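Asks: File follows, query_23.cif with mmCIF, C-alpha atoms and all ligand atoms:
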```
data_my_file
loop_
_atom_site.label_atom_id
_atom_site.label_comp_id
_atom_site.auth_asym_id
_atom_site.auth_seq_id
_atom_site.Cartn_x
_atom_site.Cartn_y
_atom_site.Cartn_z
CA MET A 1 -50.22 13.59 -9.76
CA GLU A 2 -48.76 12.93 -13.22
CA ASN A 3 -45.16 13.74 -14.08
CA ALA A 4 -43.79 14.00 -17.62
CA LEU A 5 -41.53 11.29 -18.99
CA SER A 6 -39.04 12.36 -21.66
CA ILE A 7 -36.66 10.32 -23.82
CA ASP A 8 -33.75 11.97 -25.67
CA VAL A 9 -33.56 9.85 -28.83
CA GLU A 10 -29.90 9.66 -29.86
CA ASP A 11 -27.59 6.79 -30.85
CA TRP A 12 -24.37 5.48 -29.26
CA HIS A 13 -22.14 7.58 -31.56
CA HIS A 14 -23.76 11.00 -30.93
CA ASP A 15 -21.63 11.86 -27.91
CA ALA A 16 -19.63 15.01 -28.72
CA THR A 17 -17.19 14.85 -25.78
CA ARG A 18 -14.42 13.10 -27.73
CA PRO A 19 -11.52 15.54 -28.31
CA ALA A 20 -10.94 14.05 -31.78
CA GLY A 21 -14.41 15.13 -32.91
CA PRO A 22 -17.62 13.42 -34.09
CA ALA A 23 -17.83 9.79 -35.20
CA THR A 24 -16.70 9.08 -38.75
CA ARG A 25 -18.90 7.17 -41.19
CA ALA A 26 -16.50 4.19 -40.91
CA GLU A 27 -16.68 4.19 -37.09
CA ILE A 28 -20.48 4.24 -37.16
CA GLU A 29 -20.65 1.43 -39.71
CA THR A 30 -18.26 -0.77 -37.68
CA VAL A 31 -20.92 -1.14 -34.97
CA GLY A 32 -24.07 -0.08 -36.79
CA SER A 33 -27.09 1.73 -35.39
CA ARG A 34 -28.47 0.59 -32.03
CA VAL A 35 -31.08 3.29 -31.46
CA GLU A 36 -33.99 1.51 -33.14
CA ARG A 37 -33.82 -1.67 -31.02
CA ASN A 38 -33.36 0.37 -27.83
CA VAL A 39 -36.31 2.69 -28.54
CA GLU A 40 -38.48 -0.30 -29.41
CA ALA A 41 -37.50 -1.90 -26.08
CA LEU A 42 -38.54 1.33 -24.34
CA PHE A 43 -41.85 1.27 -26.27
CA GLU A 44 -42.47 -2.23 -24.86
CA ILE A 45 -41.80 -1.13 -21.27
CA LEU A 46 -44.04 1.92 -21.76
CA ALA A 47 -46.84 -0.15 -23.31
CA ALA A 48 -46.68 -2.68 -20.46
CA HIS A 49 -47.41 0.23 -18.08
CA ASP A 50 -49.95 1.92 -20.37
CA THR A 51 -47.75 5.03 -20.45
CA ARG A 52 -46.93 7.55 -23.17
CA ALA A 53 -43.93 9.90 -23.20
CA THR A 54 -42.30 12.83 -24.98
CA LEU A 55 -39.57 11.75 -27.41
CA PHE A 56 -36.99 14.46 -28.12
CA PHE A 57 -35.65 13.22 -31.45
CA LEU A 58 -32.24 14.23 -32.69
CA ALA A 59 -32.92 15.28 -36.31
CA ASP A 60 -30.05 13.02 -37.45
CA VAL A 61 -31.87 10.02 -35.98
CA ALA A 62 -35.25 11.08 -37.38
CA ARG A 63 -33.77 11.43 -40.87
CA ASP A 64 -31.97 8.05 -40.74
CA GLN A 65 -34.81 6.18 -38.96
CA PRO A 66 -38.06 7.85 -40.11
CA GLY A 67 -39.99 4.67 -39.29
CA LEU A 68 -39.13 5.16 -35.61
CA VAL A 69 -40.70 8.64 -35.59
CA GLN A 70 -43.80 7.34 -37.32
CA GLN A 71 -44.04 4.39 -34.90
CA ALA A 72 -43.82 6.81 -31.96
CA CYS A 73 -46.66 8.88 -33.47
CA THR A 74 -48.81 5.78 -33.98
CA LEU A 75 -48.29 4.78 -30.34
CA GLY A 76 -49.47 8.23 -29.20
CA HIS A 77 -46.15 9.59 -27.92
CA GLU A 78 -45.34 13.29 -28.25
CA ILE A 79 -42.68 14.11 -30.87
CA ALA A 80 -40.25 16.88 -29.90
CA CYS A 81 -36.77 18.07 -30.93
CA HIS A 82 -33.25 17.41 -29.55
CA GLY A 83 -31.44 19.53 -32.19
CA LEU A 84 -29.69 18.63 -35.40
CA ALA A 85 -26.47 16.79 -34.54
CA HIS A 86 -26.02 16.73 -30.74
CA ARG A 87 -23.72 19.70 -30.28
CA PRO A 88 -23.82 21.64 -26.99
CA VAL A 89 -25.26 25.18 -27.03
CA SER A 90 -22.19 26.68 -25.36
CA GLY A 91 -19.66 27.98 -27.86
CA ARG A 92 -22.19 28.42 -30.66
CA THR A 93 -23.40 31.70 -32.14
CA TYR A 94 -27.00 32.89 -32.10
CA ASP A 95 -27.34 32.49 -35.88
CA GLU A 96 -25.75 29.02 -35.90
CA LEU A 97 -28.10 27.78 -33.23
CA ARG A 98 -31.15 29.35 -34.96
CA ASP A 99 -30.27 27.68 -38.28
CA ASP A 100 -29.74 24.36 -36.44
CA CYS A 101 -33.08 24.63 -34.61
CA LEU A 102 -35.08 25.63 -37.70
CA ALA A 103 -33.61 22.80 -39.79
CA ALA A 104 -34.05 20.23 -37.01
CA ARG A 105 -37.67 21.20 -36.33
CA LYS A 106 -38.56 21.13 -40.05
CA THR A 107 -36.91 17.71 -40.55
CA ILE A 108 -38.79 16.17 -37.63
CA GLU A 109 -42.13 17.84 -38.45
CA ASP A 110 -41.97 16.70 -42.08
CA ILE A 111 -41.42 13.09 -41.00
CA ALA A 112 -43.92 13.13 -38.13
CA GLY A 113 -46.57 15.08 -40.03
CA THR A 114 -47.36 16.96 -36.83
CA ALA A 115 -46.28 20.20 -35.15
CA VAL A 116 -43.23 20.02 -32.87
CA LEU A 117 -43.67 22.29 -29.85
CA GLY A 118 -40.81 21.29 -27.56
CA PHE A 119 -37.02 21.41 -27.46
CA ARG A 120 -34.39 19.71 -25.29
CA ALA A 121 -30.84 20.98 -25.70
CA PRO A 122 -28.04 18.42 -26.06
CA TYR A 123 -26.18 18.37 -22.68
CA PHE A 124 -29.00 20.50 -21.19
CA LEU A 125 -28.76 24.26 -20.50
CA GLN A 126 -26.66 25.96 -17.83
CA PRO A 127 -27.14 29.59 -16.65
CA PRO A 128 -24.64 31.01 -19.22
CA ASP A 129 -26.66 29.32 -22.02
CA LEU A 130 -29.97 31.09 -21.35
CA TRP A 131 -29.59 33.30 -24.47
CA ALA A 132 -30.57 30.13 -26.35
CA LEU A 133 -34.15 30.49 -25.06
CA ASP A 134 -34.66 33.51 -27.38
CA VAL A 135 -33.41 31.39 -30.29
CA LEU A 136 -36.03 28.76 -29.47
CA VAL A 137 -38.87 31.32 -29.62
CA GLU A 138 -37.55 32.60 -32.96
CA SER A 139 -37.39 28.99 -34.19
CA GLY A 140 -41.08 28.41 -33.46
CA PHE A 141 -40.92 26.35 -30.25
CA ARG A 142 -43.54 26.81 -27.52
CA TYR A 143 -41.54 25.23 -24.71
CA ASP A 144 -38.07 24.16 -23.64
CA SER A 145 -37.20 21.42 -21.16
CA SER A 146 -33.43 21.73 -20.79
CA TYR A 147 -32.64 23.86 -17.76
CA MET A 148 -30.58 21.93 -15.23
CA PRO A 149 -28.08 24.24 -13.49
CA LEU A 150 -25.46 21.94 -11.99
CA ARG A 151 -22.88 22.70 -9.37
CA TYR A 152 -20.86 19.96 -7.81
CA PHE A 153 -20.39 21.63 -4.44
CA PRO A 154 -22.95 22.33 -1.68
CA GLY A 155 -25.00 25.52 -1.96
CA ASP A 156 -27.80 27.17 -3.89
CA VAL A 157 -28.24 27.03 -7.63
CA PRO A 158 -29.94 29.73 -9.75
CA ARG A 159 -33.48 28.41 -10.31
CA LEU A 160 -35.57 30.30 -12.85
CA ASP A 161 -38.65 30.71 -10.65
CA GLY A 162 -37.01 30.31 -7.27
CA ALA A 163 -38.55 26.88 -6.63
CA GLY A 164 -37.58 25.02 -9.78
CA GLY A 165 -41.03 24.48 -11.31
CA ALA A 166 -42.53 25.43 -14.69
CA VAL A 167 -41.97 29.08 -15.56
CA ARG A 168 -43.29 31.41 -18.27
CA LEU A 169 -40.35 33.42 -19.61
CA GLU A 170 -40.59 37.07 -20.62
CA ASN A 171 -40.22 36.07 -24.29
CA GLY A 172 -43.37 33.91 -24.03
CA LEU A 173 -41.59 30.53 -23.99
CA TRP A 174 -42.46 28.02 -21.27
CA GLU A 175 -39.53 26.40 -19.48
CA PHE A 176 -40.12 23.01 -17.85
CA PRO A 177 -36.80 22.48 -16.02
CA LEU A 178 -35.39 19.16 -14.87
CA PRO A 179 -35.97 18.78 -11.11
CA LEU A 180 -33.14 19.57 -8.69
CA SER A 181 -33.24 18.36 -5.09
CA ARG A 182 -31.41 19.43 -1.95
CA LEU A 183 -29.55 16.50 -0.41
CA PRO A 184 -28.73 16.24 3.33
CA SER A 185 -25.12 17.09 2.42
CA GLY A 186 -26.26 20.51 1.09
CA HIS A 187 -25.66 19.58 -2.54
CA VAL A 188 -28.43 20.52 -5.00
CA LEU A 189 -28.46 17.74 -7.58
CA PRO A 190 -30.86 16.05 -10.05
CA ALA A 191 -31.68 13.14 -7.69
CA ALA A 192 -35.28 12.98 -9.00
CA ALA A 193 -34.55 13.66 -12.68
CA GLY A 194 -33.94 10.10 -13.94
CA GLY A 195 -30.96 9.51 -16.24
CA PHE A 196 -27.71 9.03 -14.33
CA SER A 197 -29.35 9.23 -10.88
CA LEU A 198 -31.87 6.50 -11.68
CA ARG A 199 -29.19 4.35 -13.30
CA ALA A 200 -26.37 4.70 -10.79
CA LEU A 201 -28.13 5.07 -7.43
CA PRO A 202 -30.59 2.84 -5.53
CA PHE A 203 -34.21 3.21 -6.73
CA TRP A 204 -35.44 4.56 -3.39
CA ILE A 205 -33.44 7.75 -3.95
CA THR A 206 -35.36 8.62 -7.13
CA ARG A 207 -38.64 7.64 -5.43
CA ARG A 208 -38.00 9.72 -2.31
CA TYR A 209 -36.83 12.86 -4.11
CA LEU A 210 -39.50 12.71 -6.83
CA GLU A 211 -42.21 12.36 -4.16
CA ARG A 212 -40.68 15.30 -2.30
CA PHE A 213 -40.45 17.45 -5.44
CA ASN A 214 -44.10 16.69 -6.29
CA THR A 215 -45.18 17.70 -2.78
CA GLU A 216 -43.05 20.83 -2.48
CA VAL A 217 -43.09 22.16 -6.08
CA GLY A 218 -45.49 20.15 -8.29
CA PRO A 219 -45.28 17.98 -11.41
CA THR A 220 -41.95 17.77 -13.17
CA VAL A 221 -40.03 16.17 -16.05
CA VAL A 222 -37.99 12.96 -15.77
CA TYR A 223 -35.63 11.88 -18.57
CA THR A 224 -33.77 8.90 -19.97
CA HIS A 225 -31.96 7.88 -23.18
CA PRO A 226 -32.29 4.75 -25.37
CA TRP A 227 -28.61 3.86 -24.78
CA GLU A 228 -29.13 3.85 -21.00
CA ILE A 229 -31.00 0.53 -21.24
CA ASP A 230 -28.37 -1.04 -23.55
CA PRO A 231 -25.45 -2.74 -21.70
CA GLU A 232 -23.85 -3.51 -25.08
CA SER A 233 -23.85 0.08 -26.31
CA PRO A 234 -20.20 0.97 -27.13
CA LYS A 235 -18.32 4.29 -26.82
CA LEU A 236 -16.29 5.94 -29.53
CA PRO A 237 -12.52 5.31 -29.36
CA GLY A 238 -10.89 8.29 -27.61
CA THR A 239 -13.93 9.09 -25.42
CA PRO A 240 -12.68 10.50 -22.06
CA GLY A 241 -12.63 7.98 -19.20
CA TYR A 242 -14.98 9.98 -16.98
CA VAL A 243 -17.60 10.05 -19.78
CA ARG A 244 -17.29 6.28 -20.24
CA TRP A 245 -17.84 5.73 -16.53
CA PHE A 246 -20.71 8.26 -16.31
CA ASN A 247 -22.49 6.69 -19.28
CA ASN A 248 -21.82 3.02 -18.44
CA VAL A 249 -22.66 2.77 -14.75
CA GLY A 250 -25.87 0.87 -13.96
CA ARG A 251 -26.99 0.23 -17.53
CA SER A 252 -27.66 -3.48 -16.94
CA ARG A 253 -30.25 -2.61 -14.27
CA MET A 254 -31.88 0.33 -16.05
CA ARG A 255 -34.73 -1.53 -17.80
CA GLY A 256 -35.92 -2.88 -14.46
CA LYS A 257 -35.59 0.54 -12.83
CA ILE A 258 -37.63 2.27 -15.54
CA ALA A 259 -40.33 -0.41 -15.17
CA ARG A 260 -40.31 0.17 -11.40
CA LEU A 261 -40.52 3.94 -11.91
CA LEU A 262 -43.55 3.50 -14.19
CA SER A 263 -45.18 1.21 -11.61
CA THR A 264 -44.57 3.70 -8.79
CA PHE A 265 -45.52 7.02 -10.47
CA ARG A 266 -47.92 8.06 -13.24
CA PHE A 267 -46.37 9.64 -16.34
CA ALA A 268 -47.63 11.34 -19.51
CA PRO A 269 -46.15 13.47 -22.33
CA ILE A 270 -45.05 17.02 -21.45
CA THR A 271 -47.84 18.64 -23.53
CA GLU A 272 -50.42 16.74 -21.45
CA VAL A 273 -48.89 17.23 -18.00
CA PHE A 274 -48.46 20.97 -18.67
CA ALA A 275 -51.52 21.43 -20.93
CA THR A 276 -52.92 24.22 -18.73
CA GLU A 277 -49.68 26.18 -18.89
CA LEU A 278 -49.28 25.72 -22.66
CA ALA A 279 -52.89 26.85 -23.27
CA ARG A 280 -52.19 30.24 -21.66
ZN ZN B 301 -28.64 14.18 -25.83
#
```
What is this structure when it is put down as structure tokens?
Replies:
Amino acid sequence: MENALSIDVEDWHHDATRPAGPATRAEIETVGSRVERNVEALFEILAAHDTRATLFFLADVARDQPGLVQQACTLGHEIACHGLAHRPVSGRTYDELRDDCLAARKTIEDIAGTAVLGFRAPYFLQPPDLWALDVLVESGFRYDSSYMPLRYFPGDVPRLDGAGGAVRLENGLWEFPLPLSRLPSGHVLPAAAGGFSLRALPFWITRRYLERFNTEVGPTVVYTHPWEIDPESPKLPGTPGYVRWFNNVGRSRMRGKIARLLSTFRFAPITEVFATELAR
């Protein structure tokens, strides 16, 4: 079975959790961009395992680093959209989000020279954010891969199709959620989803829960970020301590873990893994 591998292409300064607001031009220039070298390092790991992925580009990154988008196209990766400037969906209006999505999709499509079918929301989507799925249809997307309802206490979470697999929504959009797994403690958490779990926890946890998800539900989507393989990637001054910890833990071991993941499972872009669904 093939799973889908997804990479949310954003730089070190795109985190919007700082109370003082987004990075200033001066703050960005102090460190400079690190996204290009990190994505190229991911390209090398992917090529060594003969694997292609879906790259959800932030439109800001695509505009500043168009060569990176074109390189991804040349290597056969799928180009998709991570929004305009990495702001969470919650707290935004319908019209704001629609304008953001339309502008982001057009920016990325113009650079890539290919249609962009997929969207991944910054900070993922929680149950109160599901109104955004109508915005995505209106903005021309065919699928979303953002739904990851998190609760940090034991108990059930609201899965869109009951099991947590791919689901066709009433508005025609396909949702390919991030996989959630039930732990022995009763917590339902993204143990098989990549990202923090792959970085912070022993590799066997990802392997066990991804195998289980594949057996019980089917193929799914795993994610990572370019900054997760970069131990030198800084945080903006004033970033909350819990965000620093969450984003820093395990980064020095992440390259090796991604390589191990690609040796253990087979991956492909979302549009290939879910080609049958998207053709319906
Ligand atoms: Zn993001």
Asks: Residues within 6 Å of ligand ZN 301 (chain B) (all atoms listed in the file), as a PDB file with C-alpha atoms, in the frame of the given file?
Replies:
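Printed below is pocket.pdb as written:
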```pdb
ATOM      1  CA  ASP A   8     -33.750  11.970 -25.670  1.00  0.00           C
ATOM      2  CA  PRO A 122     -28.040  18.420 -26.060  1.00  0.00           C
ATOM      3  CA  TYR A 123     -26.180  18.370 -22.680  1.00  0.00           C
TER       4      TYR A 123
END
```
Asks: Show which residues sit within 10 Å of range 268-277 of chain A, as a VMD selection string. Count all atoms listed in the file, and ignore same-chain residues fewer than 3 positions away.
Replies: chain A and resid 1 to 6 50 to 55 76 to 80 117 to 118 143 145 166 to 168 174 176 219 to 222 280
Asks: Would you put the residues from that selection into a file with C-alpha atoms, as a PDB file, in the frame of the given file?
Replies:
```
ATOM      1  CA  MET A   1     -50.220  13.590  -9.760  1.00  0.00           C
ATOM      2  CA  GLU A   2     -48.760  12.930 -13.220  1.00  0.00           C
ATOM      3  CA  ASN A   3     -45.160  13.740 -14.080  1.00  0.00           C
ATOM      4  CA  ALA A   4     -43.790  14.000 -17.620  1.00  0.00           C
ATOM      5  CA  LEU A   5     -41.530  11.290 -18.990  1.00  0.00           C
ATOM      6  CA  SER A   6     -39.040  12.360 -21.660  1.00  0.00           C
ATOM      7  CA  ASP A  50     -49.950   1.920 -20.370  1.00  0.00           C
ATOM      8  CA  THR A  51     -47.750   5.030 -20.450  1.00  0.00           C
ATOM      9  CA  ARG A  52     -46.930   7.550 -23.170  1.00  0.00           C
ATOM     10  CA  ALA A  53     -43.930   9.900 -23.200  1.00  0.00           C
ATOM     11  CA  THR A  54     -42.300  12.830 -24.980  1.00  0.00           C
ATOM     12  CA  LEU A  55     -39.570  11.750 -27.410  1.00  0.00           C
ATOM     13  CA  GLY A  76     -49.470   8.230 -29.200  1.00  0.00           C
ATOM     14  CA  HIS A  77     -46.150   9.590 -27.920  1.00  0.00           C
ATOM     15  CA  GLU A  78     -45.340  13.290 -28.250  1.00  0.00           C
ATOM     16  CA  ILE A  79     -42.680  14.110 -30.870  1.00  0.00           C
ATOM     17  CA  ALA A  80     -40.250  16.880 -29.900  1.00  0.00           C
ATOM     18  CA  LEU A 117     -43.670  22.290 -29.850  1.00  0.00           C
ATOM     19  CA  GLY A 118     -40.810  21.290 -27.560  1.00  0.00           C
ATOM     20  CA  TYR A 143     -41.540  25.230 -24.710  1.00  0.00           C
ATOM     21  CA  SER A 145     -37.200  21.420 -21.160  1.00  0.00           C
ATOM     22  CA  ALA A 166     -42.530  25.430 -14.690  1.00  0.00           C
ATOM     23  CA  VAL A 167     -41.970  29.080 -15.560  1.00  0.00           C
ATOM     24  CA  ARG A 168     -43.290  31.410 -18.270  1.00  0.00           C
ATOM     25  CA  TRP A 174     -42.460  28.020 -21.270  1.00  0.00           C
ATOM     26  CA  PHE A 176     -40.120  23.010 -17.850  1.00  0.00           C
ATOM     27  CA  PRO A 219     -45.280  17.980 -11.410  1.00  0.00           C
ATOM     28  CA  THR A 220     -41.950  17.770 -13.170  1.00  0.00           C
ATOM     29  CA  VAL A 221     -40.030  16.170 -16.050  1.00  0.00           C
ATOM     30  CA  VAL A 222     -37.990  12.960 -15.770  1.00  0.00           C
ATOM     31  CA  ARG A 280     -52.190  30.240 -21.660  1.00  0.00           C
TER      32      ARG A 280
END
```
Asks: Go ahead and compute the interatomic distance for CA of Gly218 in chain A and CA of Ala191 in chain A, in Å to one decimal.
Replies: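 Between CA of Gly218 in chain A and CA of Ala191 in chain A the gap is 15.5 Å.
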Asks: For each of A:Ala16, A:Leu169, A:Leu160, A:Leu130, take the minimum atom-to-atom distance to Gly238 in chain A, counting only C-alpha atoms, then give the residue where this is smallest.
Replies: A:Ala16
Asks: Please measure the separation of CA of Thr224 in chain A and CA of Met254 in chain A, giving the value in Å to one decimal.
Replies: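 These two atoms are separated by 9.6 Å.
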Asks: In Å, how far is it from CA of Pro190 in chain A to CA of Pro128 in chain A?
Replies: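 Separation of CA of Pro190 in chain A and CA of Pro128 in chain A: 18.6 Å.
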Asks: As a list in words, please: the residues near Thr17 in chain A (cut-off 10 Å, only C-alpha atoms, same-chain neighbours under 3 positions excluded).
Replies: His14, Ala20, Gly21, Pro22, Arg87, Pro88, Leu236, Gly238, Thr239, Pro240 and Val243 of chain A
Asks: Nearest residue to Lys235 in chain A out of A:Asn248, A:Glu29, A:His86, A:Gly140, using all atoms listed in the file?
Replies: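 Going through A:Asn248, A:Glu29, A:His86, A:Gly140 one by one, the smallest distance to Lys235 in chain A is for A:Asn248.
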Asks: Step by step: start from the point (-33.7, 24.8, -24.3) in the file's coordinates, keep every protein, DNA or RNA residue that has an atom no farther than 8 Å from it, count only C-alpha atoms, and write the set as a PDB file with C-alpha atoms, keeping the file's coordinate frame.
Replies:
```pdb
ATOM      1  CA  PHE A 119     -37.020  21.410 -27.460  1.00  0.00           C
ATOM      2  CA  ARG A 120     -34.390  19.710 -25.290  1.00  0.00           C
ATOM      3  CA  ALA A 121     -30.840  20.980 -25.700  1.00  0.00           C
ATOM      4  CA  PHE A 124     -29.000  20.500 -21.190  1.00  0.00           C
ATOM      5  CA  LEU A 125     -28.760  24.260 -20.500  1.00  0.00           C
ATOM      6  CA  LEU A 130     -29.970  31.090 -21.350  1.00  0.00           C
ATOM      7  CA  ALA A 132     -30.570  30.130 -26.350  1.00  0.00           C
ATOM      8  CA  LEU A 133     -34.150  30.490 -25.060  1.00  0.00           C
ATOM      9  CA  LEU A 136     -36.030  28.760 -29.470  1.00  0.00           C
ATOM     10  CA  TYR A 143     -41.540  25.230 -24.710  1.00  0.00           C
ATOM     11  CA  ASP A 144     -38.070  24.160 -23.640  1.00  0.00           C
ATOM     12  CA  SER A 145     -37.200  21.420 -21.160  1.00  0.00           C
ATOM     13  CA  SER A 146     -33.430  21.730 -20.790  1.00  0.00           C
ATOM     14  CA  TYR A 147     -32.640  23.860 -17.760  1.00  0.00           C
ATOM     15  CA  GLU A 175     -39.530  26.400 -19.480  1.00  0.00           C
TER      16      GLU A 175
END
```
